[in-house]
Amino acid sequence: MHHKKVLLISRTTRLHDRMRELSHALDISVLLATPDTFDQAVSSGNNFDLITLDLAGATDGLVSRVSGYAANSGCIPQLLVVDEDKLSGLHMPVQGRNDFILSSAKQDEFEVRMTQLLWPGEENAPSDIVVVDNMTINLATYQIYIDDKPVDLTLMEYSLLSFLATHPSRAYSRETLLHRVWGFEYCGGTRTVDVHIRRVRSKVGPQVASHICTVRGVGYLFKL
């Protein structure tokens with residue numbers, strides 16, 4: 001799947017945390033705008049793949065302007081966020097491939113609906129995401145976040161952590177980890193695994209490190 005750009009238009013900040021989480025769960029970047037900065041946002045030179053419009057407090061004039069921009073820009077899909085008590089008065093845009101979602105919907109539903117608009121018919125993006133406590137692993141982009149902040153891991157540190165996290169509740173010997181993570185051609189000793197485990201634990205912090213368990217006489221296990 002390819003990186004996508006999303007424009008969020010909202011009079012308030014109530015969707016900002018949700019969009020930040022989605023930018024980590026999905027391969028997207030988000031530009032935030034208000035009704036007052038909408039014109040500035042669409043003239044910024046960005047080519048948006050989705051417009052998310054929060055209808056709370058949005059005037060009919062704004063809705064019309066957004067729909068006009070979307071239609072004139074290749075029918076950009078729109079995701080309308082509506083409060084439940086306003087659902088009966090919802091009017092969907094006529095042109096393009098659009099959807100709506102209740103503002104009270106769970107984050108998983110936001111993710112699914114946005115994915116379907118951004119990548120119709122493609123592999124489901126959430127399968128590329130692993131979430132454990134305060135850690136998010138994006139298997140598609142080789143990125144790891146702790147508390148929404150990127151963690152600077154080497155490729156082998158990332159590979160070791162992502163392998164353990166995607167194969168939880170099973171102990172792996174150091175020799176097996178060398179073969180599975182480093183590859184069959186690796187000629188180093190098993191102590192390399194211990195060194196990398198120690199570095200990973202120090203970088204991800206105590207909450208995630210507590211999941212990486214040492215199994216005496218065997219190796220390591222990722223405990224959920």
# chains A, B, ... in the order shown; residues from 1 in each chain; ligands from 1
call {"tool": "closest_atom_pairs", "arguments": {"of": "segment 119-159 of chain A", "to": "segment 203-208 of chain A", "cutoff": "12 Å", "atoms": "only C-alpha atoms", "output": "tab-separated table"}}
result
residue	atom	partner	partner_atom	distance
A:Val131	CA	A:Val208	CA	10.6
A:Val132	CA	A:Val208	CA	7.5
A:Asp133	CA	A:Val208	CA	7.1
A:Asn134	CA	A:Val208	CA	7.4
A:Met135	CA	A:Val208	CA	7.0
A:Thr136	CA	A:Val208	CA	10.4
A:Ile137	CA	A:Val204	CA	11.5
A:Ile144	CA	A:Val204	CA	9.0
A:Tyr145	CA	A:Val204	CA	8.6
A:Ile146	CA	A:Val204	CA	6.7
A:Asp147	CA	A:Val204	CA	9.9
A:Asp148	CA	A:Val204	CA	11.9
A:Lys149	CA	A:Val204	CA	10.5
A:Pro150	CA	A:Val204	CA	9.9
A:Val151	CA	A:Lys203	CA	7.1
A:Asp152	CA	A:Lys203	CA	7.8
A:Leu153	CA	A:Lys203	CA	7.7
A:Thr154	CA	A:Lys203	CA	10.7
A:Glu157	CA	A:Lys203	CA	9.7
A:Tyr158	CA	A:Val204	CA	10.7
call {"tool": "select_by_dssp", "arguments": {"residues": "segment 35-93 of chain A", "states": "alpha helix (DSSP H)", "output": "ChimeraX atom specification"}}
result
/A:38-42,60-72
call {"tool": "write_last_selection", "arguments": {"atoms": "C-alpha atoms", "output": "short mmCIF file (atom, residue, chain, number, x, y, z; two decimals), in the first residue's frame"}}
result
data_model
loop_
_atom_site.label_atom_id
_atom_site.label_comp_id
_atom_site.auth_asym_id
_atom_site.auth_seq_id
_atom_site.Cartn_x
_atom_site.Cartn_y
_atom_site.Cartn_z
CA PHE A 38 -9.68 25.59 4.66
CA ASP A 39 -8.77 27.80 1.71
CA GLN A 40 -5.18 28.00 2.88
CA ALA A 41 -4.99 24.22 3.28
CA VAL A 42 -6.26 23.44 -0.22
CA ASP A 60 -23.92 24.53 4.87
CA GLY A 61 -21.59 26.91 3.09
CA LEU A 62 -18.51 25.06 4.30
CA VAL A 63 -19.98 21.67 3.38
CA SER A 64 -20.73 22.99 -0.11
CA ARG A 65 -17.23 24.44 -0.52
CA VAL A 66 -15.59 21.19 0.59
CA SER A 67 -17.76 19.13 -1.74
CA GLY A 68 -16.97 21.47 -4.61
CA TYR A 69 -13.25 21.25 -3.96
CA ALA A 70 -13.40 17.44 -3.74
CA ALA A 71 -15.38 17.17 -6.98
CA ASN A 72 -13.09 19.56 -8.87
#
call {"tool": "residues_around", "arguments": {"residues": "Leu161 of chain A", "least_positions_apart": "2", "cutoff": "9 Å", "atoms": "only C-alpha atoms", "output": "list in words"}}
result
Met156, Glu157, Tyr158, Ser159, Phe163, Leu164, Ala165, Thr166, Ile197, Val200, Ile212 and Phe222 of chain A
call {"tool": "closest_residue", "arguments": {"among": "A:Gln95, A:Glu84, A:Asp49, A:Leu155", "to": "His196 of chain A", "atoms": "only C-alpha atoms"}}
result
A:Leu155
call {"tool": "closest_residue", "arguments": {"among": "A:Arg11, A:His179, A:Lys4, A:His16", "to": "Leu117 of chain A", "atoms": "only C-alpha atoms"}}
result
A:Lys4
call {"tool": "closest_residue", "arguments": {"among": "A:Asp108, A:Val6, A:Arg97, A:Asp36", "to": "Ser23 of chain A", "atoms": "only C-alpha atoms"}}
result
A:Val6
call {"tool": "closest_residue", "arguments": {"among": "A:Ser162, A:Leu26, A:Glu175, A:Gly74", "to": "Arg113 of chain A", "atoms": "only C-alpha atoms"}}
result
A:Leu26
call {"tool": "select_by_dssp", "arguments": {"residues": "chain A", "states": "strand (DSSP E)", "output": "number ranges by chain"}}
result
A: 4-9, 28-33, 50-54, 78-82, 99-102, 129-132, 135-138, 143-146, 149-150, 172-173, 212-215, 219-222
call {"tool": "closest_residue", "arguments": {"among": "A:Pro168, A:Pro77, A:Gly219, A:Gly45", "to": "Val94 of chain A", "atoms": "only C-alpha atoms"}}
result
A:Pro77
call {"tool": "closest_residue", "arguments": {"among": "A:Leu31, A:Cys75, A:Leu22, A:Leu8", "to": "Gly96 of chain A", "atoms": "only C-alpha atoms"}}
result
A:Cys75
call {"tool": "residues_around", "arguments": {"residues": "Val30 of chain A", "least_positions_apart": "2", "cutoff": "12 Å", "atoms": "only C-alpha atoms", "output": "ChimeraX atom specification"}}
result
/A:3-9,15-24,26-28,32-33,41,46-52
call {"tool": "write_last_selection", "arguments": {"atoms": "C-alpha atoms", "output": "PDB file, in the first residue's frame"}}
result
ATOM      1  CA  HIS A   3       1.422   6.526   1.547  1.00  0.00           C
ATOM      2  CA  LYS A   4      -1.660   8.736   1.540  1.00  0.00           C
ATOM      3  CA  LYS A   5      -2.437  12.320   2.553  1.00  0.00           C
ATOM      4  CA  VAL A   6      -5.550  13.173   4.552  1.00  0.00           C
ATOM      5  CA  LEU A   7      -7.075  16.603   5.149  1.00  0.00           C
ATOM      6  CA  LEU A   8      -9.022  16.938   8.394  1.00  0.00           C
ATOM      7  CA  ILE A   9     -11.382  19.903   8.636  1.00  0.00           C
ATOM      8  CA  LEU A  15     -10.665  14.504  16.423  1.00  0.00           C
ATOM      9  CA  HIS A  16      -6.999  15.435  16.626  1.00  0.00           C
ATOM     10  CA  ASP A  17      -5.968  12.614  18.986  1.00  0.00           C
ATOM     11  CA  ARG A  18      -7.860  10.103  16.868  1.00  0.00           C
ATOM     12  CA  MET A  19      -6.148  11.270  13.704  1.00  0.00           C
ATOM     13  CA  ARG A  20      -2.759  11.144  15.359  1.00  0.00           C
ATOM     14  CA  GLU A  21      -3.378   7.522  16.319  1.00  0.00           C
ATOM     15  CA  LEU A  22      -4.514   6.747  12.778  1.00  0.00           C
ATOM     16  CA  SER A  23      -1.368   8.324  11.335  1.00  0.00           C
ATOM     17  CA  HIS A  24       0.594   5.705  13.275  1.00  0.00           C
ATOM     18  CA  LEU A  26      -2.011   3.595   8.829  1.00  0.00           C
ATOM     19  CA  ASP A  27       0.541   4.845   6.327  1.00  0.00           C
ATOM     20  CA  ILE A  28      -0.903   8.364   6.197  1.00  0.00           C
ATOM     21  CA  LEU A  32      -5.229  19.810  10.151  1.00  0.00           C
ATOM     22  CA  ALA A  33      -7.501  22.652   9.113  1.00  0.00           C
ATOM     23  CA  ALA A  41      -4.991  24.218   3.278  1.00  0.00           C
ATOM     24  CA  ASN A  46      -0.804  19.091  -1.283  1.00  0.00           C
ATOM     25  CA  ASN A  47      -2.662  16.463  -3.278  1.00  0.00           C
ATOM     26  CA  PHE A  48      -5.085  14.953  -0.787  1.00  0.00           C
ATOM     27  CA  ASP A  49      -6.336  11.376  -1.034  1.00  0.00           C
ATOM     28  CA  LEU A  50      -9.129  11.801   1.524  1.00  0.00           C
ATOM     29  CA  ILE A  51     -11.007  14.646   3.171  1.00  0.00           C
ATOM     30  CA  THR A  52     -12.338  14.044   6.675  1.00  0.00           C
TER      31      THR A  52
END
call {"tool": "atom_distance", "arguments": {"atom1": "atom CA of Val81 of chain A", "atom2": "atom CA of Trp119 of chain A"}}
result
19.2 Å
call {"tool": "decode", "arguments": {"residues": "segment 159-221 of chain A", "atoms": "C-alpha atoms", "output": "tab-separated table (two decimals), in the first residue's frame"}}
result
chain	number	residue	atom	x	y	z
A	159	SER	CA	13.87	-7.16	13.28
A	160	LEU	CA	14.46	-8.92	16.58
A	161	LEU	CA	11.73	-7.03	18.42
A	162	SER	CA	9.19	-7.34	15.60
A	163	PHE	CA	9.87	-11.08	15.28
A	164	LEU	CA	9.33	-11.69	18.99
A	165	ALA	CA	6.24	-9.46	19.12
A	166	THR	CA	4.63	-11.21	16.14
A	167	HIS	CA	5.44	-14.65	17.57
A	168	PRO	CA	4.36	-14.22	21.21
A	169	SER	CA	4.01	-16.77	24.00
A	170	ARG	CA	6.67	-19.08	22.61
A	171	ALA	CA	10.26	-19.41	23.77
A	172	TYR	CA	12.97	-19.22	21.10
A	173	SER	CA	16.54	-20.33	21.62
A	174	ARG	CA	19.36	-17.96	20.78
A	175	GLU	CA	20.36	-20.24	17.90
A	176	THR	CA	16.82	-20.12	16.47
A	177	LEU	CA	16.73	-16.35	16.74
A	178	LEU	CA	20.05	-16.11	14.91
A	179	HIS	CA	18.63	-18.17	12.07
A	180	ARG	CA	15.23	-16.47	11.96
A	181	VAL	CA	16.35	-12.86	12.44
A	182	TRP	CA	19.95	-12.66	11.28
A	183	GLY	CA	19.69	-15.34	8.60
A	184	PHE	CA	21.33	-18.67	7.96
A	185	GLU	CA	24.56	-17.08	6.76
A	186	TYR	CA	25.27	-15.32	10.05
A	187	CYS	CA	28.52	-16.57	11.55
A	188	GLY	CA	28.54	-14.68	14.85
A	189	GLY	CA	28.03	-16.18	18.29
A	190	THR	CA	24.81	-16.41	20.24
A	191	ARG	CA	25.94	-13.61	22.54
A	192	THR	CA	24.93	-11.25	19.72
A	193	VAL	CA	21.32	-12.02	20.59
A	194	ASP	CA	21.85	-11.10	24.25
A	195	VAL	CA	23.50	-7.82	23.29
A	196	HIS	CA	20.63	-6.86	20.98
A	197	ILE	CA	18.00	-7.87	23.53
A	198	ARG	CA	19.67	-5.62	26.10
A	199	ARG	CA	19.74	-2.70	23.66
A	200	VAL	CA	16.10	-3.19	22.66
A	201	ARG	CA	14.99	-3.29	26.29
A	202	SER	CA	16.81	-0.07	27.07
A	203	LYS	CA	15.32	1.75	24.07
A	204	VAL	CA	11.66	0.72	24.38
A	205	GLY	CA	11.36	1.45	28.09
A	206	PRO	CA	10.28	-0.66	31.07
A	207	GLN	CA	6.65	-1.18	30.07
A	208	VAL	CA	7.46	-2.94	26.79
A	209	ALA	CA	10.70	-4.43	28.10
A	210	SER	CA	8.68	-6.34	30.69
A	211	HIS	CA	7.15	-8.36	27.85
A	212	ILE	CA	10.57	-9.59	26.69
A	213	CYS	CA	11.23	-12.46	29.08
A	214	THR	CA	14.44	-14.42	29.51
A	215	VAL	CA	13.80	-18.17	29.65
A	216	ARG	CA	16.69	-19.69	31.57
A	217	GLY	CA	18.51	-22.37	29.64
A	218	VAL	CA	16.48	-21.66	26.48
A	219	GLY	CA	16.42	-18.11	25.19
A	220	TYR	CA	13.72	-15.45	25.01
A	221	LEU	CA	9.94	-15.19	24.92
